[in-house]
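Listing of run-v8.tsv, TSV, C-alpha atoms
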chain	number	residue	atom	x	y	z
A	1	MET	CA	-71.51	53.41	26.00
A	2	THR	CA	-72.32	56.31	28.36
A	3	THR	CA	-75.87	57.21	29.22
A	4	ALA	CA	-76.58	60.47	30.98
A	5	THR	CA	-79.90	60.94	32.67
A	6	ALA	CA	-79.41	63.93	34.93
A	7	PRO	CA	-77.11	66.92	35.17
A	8	SER	CA	-76.12	65.86	38.67
A	9	SER	CA	-75.41	62.29	37.53
A	10	PRO	CA	-74.23	62.44	33.92
A	11	ALA	CA	-72.98	58.87	33.62
A	12	SER	CA	-75.36	56.16	34.72
A	13	SER	CA	-76.53	52.79	33.54
A	14	PRO	CA	-79.01	52.51	30.68
A	15	ALA	CA	-81.34	50.47	32.94
A	16	GLY	CA	-84.43	52.60	32.53
A	17	PRO	CA	-85.79	55.67	30.83
A	18	PRO	CA	-84.84	59.02	32.36
A	19	ALA	CA	-87.33	61.10	34.27
A	20	ALA	CA	-88.74	64.20	32.59
A	21	GLY	CA	-86.52	67.23	33.00
A	22	HIS	CA	-83.31	65.19	33.04
A	23	LEU	CA	-80.66	65.01	30.35
A	24	ARG	CA	-81.32	62.22	27.87
A	25	LEU	CA	-77.98	61.50	26.28
A	26	ARG	CA	-76.18	58.39	25.10
A	27	LEU	CA	-72.59	58.51	23.88
A	28	THR	CA	-70.30	56.04	22.17
A	29	GLU	CA	-67.31	54.74	24.07
A	30	HIS	CA	-64.89	55.97	21.41
A	31	GLN	CA	-65.70	59.34	19.92
A	32	GLY	CA	-64.87	59.80	16.24
A	33	HIS	CA	-64.91	56.11	15.25
A	34	ASP	CA	-68.40	56.00	13.68
A	35	HIS	CA	-70.66	58.32	11.69
A	36	LEU	CA	-72.36	59.49	14.90
A	37	ASP	CA	-70.91	59.81	18.38
A	38	GLY	CA	-74.20	59.39	20.16
A	39	GLY	CA	-77.67	60.81	20.54
A	40	TRP	CA	-79.37	63.57	22.48
A	41	TRP	CA	-83.10	63.59	23.17
A	42	PRO	CA	-84.21	67.05	24.33
A	43	HIS	CA	-87.53	67.52	26.12
A	44	SER	CA	-88.62	70.52	24.04
A	45	ARG	CA	-87.66	72.64	21.04
A	46	ASP	CA	-86.56	75.55	23.24
A	47	LEU	CA	-82.87	75.56	22.31
A	48	SER	CA	-81.73	77.96	25.02
A	49	VAL	CA	-83.18	75.76	27.77
A	50	GLU	CA	-82.16	72.45	26.21
A	51	LEU	CA	-78.60	73.52	25.38
A	52	ARG	CA	-77.99	74.66	28.94
A	53	GLU	CA	-79.08	71.25	30.17
A	54	LEU	CA	-76.87	69.49	27.60
A	55	VAL	CA	-73.77	71.60	28.27
A	56	ASP	CA	-74.12	71.59	32.05
A	57	GLY	CA	-74.92	67.86	32.17
A	58	PHE	CA	-72.39	66.61	29.63
A	59	PRO	CA	-70.17	63.96	31.28
A	60	PRO	CA	-67.06	65.80	32.51
A	61	ASP	CA	-64.80	62.86	31.67
A	62	ARG	CA	-65.69	63.43	27.98
A	63	GLY	CA	-64.57	67.05	27.99
A	64	ARG	CA	-66.16	70.49	28.20
A	65	ILE	CA	-68.31	71.90	25.41
A	66	VAL	CA	-67.21	75.32	24.15
A	67	ARG	CA	-69.22	75.61	20.90
A	68	VAL	CA	-72.44	74.17	19.52
A	69	LEU	CA	-73.62	74.16	15.89
A	70	TYR	CA	-77.30	73.45	15.24
A	71	SER	CA	-80.00	73.64	12.56
A	72	PRO	CA	-82.30	76.68	13.03
A	73	PRO	CA	-85.54	75.15	11.63
A	74	ALA	CA	-85.59	72.50	14.36
A	75	TRP	CA	-85.60	74.96	17.27
A	76	GLU	CA	-87.45	77.81	18.96
A	77	ASN	CA	-85.87	80.45	21.24
A	78	ARG	CA	-82.47	80.14	19.56
A	79	PRO	CA	-79.44	81.90	21.04
A	80	THR	CA	-77.55	83.86	18.40
A	81	ARG	CA	-73.88	84.04	19.38
A	82	SER	CA	-73.42	82.64	22.87
A	83	LEU	CA	-75.34	81.10	25.70
A	84	PRO	CA	-74.68	81.51	29.43
A	85	VAL	CA	-74.10	78.15	31.14
A	86	ALA	CA	-72.82	77.06	34.55
A	87	ALA	CA	-69.17	77.18	33.42
A	88	GLY	CA	-69.48	80.58	31.69
A	89	GLN	CA	-70.42	81.01	28.03
A	90	VAL	CA	-70.76	78.58	25.14
A	91	LYS	CA	-70.50	79.87	21.58
A	92	VAL	CA	-73.40	78.90	19.35
A	93	GLY	CA	-73.85	78.94	15.61
A	94	PHE	CA	-75.93	77.27	12.98
A	95	PHE	CA	-75.34	75.10	9.94
A	96	PRO	CA	-75.22	76.82	6.56
A	97	HIS	CA	-77.28	73.86	5.34
A	98	ASP	CA	-80.32	72.27	6.93
A	99	ASP	CA	-79.76	69.10	8.97
A	100	THR	CA	-82.46	69.22	11.58
A	101	HIS	CA	-81.38	66.08	13.37
A	102	LEU	CA	-77.75	66.83	14.17
A	103	VAL	CA	-75.69	68.97	16.54
A	104	HIS	CA	-71.92	69.42	16.52
A	105	LEU	CA	-70.31	69.89	19.93
A	106	THR	CA	-66.80	71.33	19.91
A	107	MET	CA	-64.81	70.59	23.03
A	108	THR	CA	-61.93	72.46	24.69
A	109	ASP	CA	-59.45	70.10	22.99
A	110	ARG	CA	-61.06	70.97	19.60
A	111	SER	CA	-62.50	67.50	19.14
A	112	VAL	CA	-66.04	67.44	17.78
A	113	TRP	CA	-68.89	65.21	18.91
A	114	LEU	CA	-71.61	64.59	16.31
A	115	LEU	CA	-74.91	63.83	18.01
A	116	ALA	CA	-78.20	62.80	16.48
A	117	VAL	CA	-80.99	64.96	17.90
A	118	VAL	CA	-84.02	62.83	18.68
A	119	PRO	CA	-87.25	64.82	18.23
A	120	PRO	CA	-88.81	65.68	21.61
A	121	GLU	CA	-92.15	64.26	20.50
A	122	PHE	CA	-90.81	60.71	19.98
A	123	SER	CA	-92.44	58.09	22.19
A	124	ASP	CA	-90.38	56.60	25.02
A	125	GLY	CA	-89.75	53.44	23.01
A	126	HIS	CA	-88.72	55.22	19.84
A	127	GLY	CA	-86.64	57.78	21.73
A	128	GLU	CA	-84.70	55.12	23.64
A	129	GLU	CA	-84.23	53.14	20.42
A	130	ALA	CA	-82.89	56.23	18.63
A	131	LEU	CA	-80.42	56.92	21.46
A	132	LEU	CA	-79.26	53.30	21.36
A	133	ALA	CA	-78.92	53.38	17.57
A	134	ALA	CA	-76.92	56.62	17.56
A	135	ALA	CA	-74.43	55.27	20.13
A	136	THR	CA	-74.02	51.72	18.82
A	137	PRO	CA	-70.44	50.97	17.71
A	138	GLY	CA	-70.19	50.25	14.00
A	139	ASN	CA	-73.23	52.36	13.16
A	140	HIS	CA	-72.86	54.09	9.79
A	141	HIS	CA	-76.32	55.67	9.55
A	142	ASP	CA	-76.63	59.43	9.34
A	143	ALA	CA	-78.97	61.11	11.84
A	144	SER	CA	-81.91	61.66	9.48
A	145	ASP	CA	-81.87	58.09	8.13
A	146	LEU	CA	-81.49	56.65	11.61
A	147	LEU	CA	-84.48	58.59	12.95
A	148	HIS	CA	-86.58	57.76	9.90
A	149	THR	CA	-85.82	54.06	10.41
A	150	VAL	CA	-86.60	54.18	14.13
A	151	GLU	CA	-89.85	56.04	13.53
A	152	GLY	CA	-90.98	53.39	11.06
A	153	GLU	CA	-90.24	50.37	13.25
A	154	ALA	CA	-91.25	48.92	16.57
A	155	ALA	CA	-88.60	49.37	19.25
A	156	SER	CA	-85.81	46.79	19.00
A	157	ILE	CA	-84.52	44.75	21.89
A	158	VAL	CA	-81.37	43.58	20.15
A	159	ALA	CA	-78.53	46.09	20.60
A	160	ASP	CA	-76.58	44.87	17.55
A	161	HIS	CA	-79.57	45.64	15.29
A	162	TRP	CA	-77.82	48.97	14.63
A	163	ALA	CA	-74.36	47.68	13.77
A	164	ALA	CA	-72.90	48.36	10.33
A	165	GLY	CA	-74.68	46.74	7.44
A	166	VAL	CA	-77.99	46.21	9.22

Would you give me this structure, written as structure tokens?
Amino acid sequence: MTTATAPSSPASSPAGPPAAGHLRLRLTEHQGHDHLDGGWWPHSRDLSVELRELVDGFPPDRGRIVRVLYSPPAWENRPTRSLPVAAGQVKVGFFPHDDTHLVHLTMTDRSVWLLAVVPPEFSDGHGEEALLAAATPGNHHDASDLLHTVEGEAASIVADHWAAGV
């Protein structure tokens, strides 16, 4: 599992919560094997700011993001067609249906990462739990169900709590 806590250090250990203003991202080891490929916990609902941080801080060993699909109701300050980032431009679009807790990241190799979007207002405990849940191998929860479950429970210490069938 990869945890990113800062654009300058995208892959670090999940030892502690990230500092404010740093990328909060947790990815599965093997993209495409489970329902979700990880979780992203933005600091605000300003999509232009948060997407730049996500794209610029995404672990380079996982590929480069070239397109992002999102759900408009979940965000403010939404880019319409593209967004300037450190590596140039990223195309942006939105879902024809409403799934406020999911983003699709298309990479240069055309693979797609499906990330649960943790609401910025989640507490530290619930946010970290949601990131863990979204990146746990064997997890078959969709983003909305996962976040609803996390929001209704105390933070879990057991990593396998989120495996399939739990």

* Find the spatial neighbours of Val55 of chain A, counting all atoms listed in the file, within a cut-off of 8 Å - ignore same-chain residues fewer than 3 positions away - and output them as a list in words. =>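 Near Val55 of chain A, the qualifying residues are Leu51, Arg52, Phe58, Arg64, Ile65 and Val85 of chain A.
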
* **Between atom CA of Leu47 of chain A and atom CA of His148 of chain A - distance in Å to one decimal** =>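 These atoms are spaced 22.0 Å apart.
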
Using 12 Å as the limit and counting all atoms listed in the file, can you tabulate each residue of segment 45-99 of chain A that touches segment 117-120 of chain A, with its shortest atom-to-atom distance in Å and the two atoms involved, as JSON lines?
{"residue": "A:Arg45", "atom": "CA", "partner": "A:Pro120", "partner_atom": "CA", "distance": 7.1}
{"residue": "A:Asp46", "atom": "CA", "partner": "A:Pro120", "partner_atom": "CA", "distance": 10.3}
{"residue": "A:Leu47", "atom": "CA", "partner": "A:Pro120", "partner_atom": "CA", "distance": 11.5}
{"residue": "A:Glu50", "atom": "CA", "partner": "A:Pro120", "partner_atom": "CA", "distance": 10.5}
{"residue": "A:Leu51", "atom": "CA", "partner": "A:Val117", "partner_atom": "CA", "distance": 11.6}
{"residue": "A:Leu54", "atom": "CA", "partner": "A:Val117", "partner_atom": "CA", "distance": 11.5}
{"residue": "A:Leu69", "atom": "CA", "partner": "A:Val117", "partner_atom": "CA", "distance": 12.0}
{"residue": "A:Tyr70", "atom": "CA", "partner": "A:Val117", "partner_atom": "CA", "distance": 9.6}
{"residue": "A:Ser71", "atom": "CA", "partner": "A:Val117", "partner_atom": "CA", "distance": 10.2}
{"residue": "A:Ala74", "atom": "CA", "partner": "A:Pro119", "partner_atom": "CA", "distance": 8.8}
{"residue": "A:Trp75", "atom": "CA", "partner": "A:Pro119", "partner_atom": "CA", "distance": 10.3}
{"residue": "A:Asp99", "atom": "CA", "partner": "A:Val117", "partner_atom": "CA", "distance": 9.9}

Store the residues of this selection in a file with C-alpha atoms, as a PDB file, in the frame of the given file.
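Output below, filename selection12.pdb:
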ATOM      1  CA  ARG A  45     -87.660  72.640  21.040  1.00  0.00           C
ATOM      2  CA  ASP A  46     -86.560  75.550  23.240  1.00  0.00           C
ATOM      3  CA  LEU A  47     -82.870  75.560  22.310  1.00  0.00           C
ATOM      4  CA  GLU A  50     -82.160  72.450  26.210  1.00  0.00           C
ATOM      5  CA  LEU A  51     -78.600  73.520  25.380  1.00  0.00           C
ATOM      6  CA  LEU A  54     -76.870  69.490  27.600  1.00  0.00           C
ATOM      7  CA  LEU A  69     -73.620  74.160  15.890  1.00  0.00           C
ATOM      8  CA  TYR A  70     -77.300  73.450  15.240  1.00  0.00           C
ATOM      9  CA  SER A  71     -80.000  73.640  12.560  1.00  0.00           C
ATOM     10  CA  ALA A  74     -85.590  72.500  14.360  1.00  0.00           C
ATOM     11  CA  TRP A  75     -85.600  74.960  17.270  1.00  0.00           C
ATOM     12  CA  ASP A  99     -79.760  69.100   8.970  1.00  0.00           C
TER      13      ASP A  99
END

* One-decimal distance in Å that lies between atom CA of His126 of chain A and atom CA of Ser144 of chain A ->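 One can read the atom CA of Ser144 of chain A to atom CA of His126 of chain A distance as 14.0 Å.
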
* Asked: With distances taken over all atoms listed in the file, which of A:Leu115, A:Pro72, A:Asn77, A:Arg26 is nearest to Phe95 of chain A?
  ->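 Checking each of A:Leu115, A:Pro72, A:Asn77, A:Arg26 against Phe95 of chain A, counting all atoms listed in the file, the winner is A:Pro72.
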
* Spatial neighbours of Asp37 of chain A, max dist 7 Å, only C-alpha atoms, sep filter under 2 positions, as a count of residues only -> 11

* Could you check how far atom CA of Gly127 of chain A sits from atom CA of His33 of chain A, in Å to one decimal? =>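 These two atoms are separated by 22.7 Å.
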
* To do: Rank nothing, just name the residue among A:Ala86, A:Val49, A:Val92, A:Leu146 nearest to Val66 of chain A, using all atoms listed in the file.
  =>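 Ranked by minimum distance to Val66 of chain A, first place goes to A:Val92.
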
* To do: Measuring atom to atom with only C-alpha atoms, identify which of A:Pro60, A:Asn139, A:Ala87, A:His101 is nearest to Pro73 of chain A.
  =>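 Nearest candidate to Pro73 of chain A out of A:Pro60, A:Asn139, A:Ala87, A:His101: A:His101.
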
* Pick the closest to Arg81 of chain A from A:Asp109, A:Ser48, A:Asp56, A:Arg62: which is it, counting all atoms listed in the file? ->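 Residue with the minimum atom-to-atom distance to Arg81 of chain A: A:Ser48.
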
With 5 Å added on each side, what axis-aligned box encloses every listed atom of segment 36-44 of chain A? Give the centre and edge lengths in Å to one decimal, as AutoDock Vina command-line options.
--center_x -79.8 --center_y 65.0 --center_z 20.5 --size_x 27.7 --size_y 21.1 --size_z 21.2

* Asked: Which is closest to Ser82 of chain A among A:Val103, A:Leu36, A:Ala143, A:Val68, if we use all atoms listed in the file?
  ->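 For Ser82 of chain A, the nearest of the candidates is A:Val68.
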
* **Nearest to Trp40 of chain A by atom-to-atom distance, counting all atoms listed in the file, from A:Gly125, A:Gly138, A:Gly57, A:Pro96** =>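 Checking each candidate against Trp40 of chain A, we get A:Gly57 as the closest.
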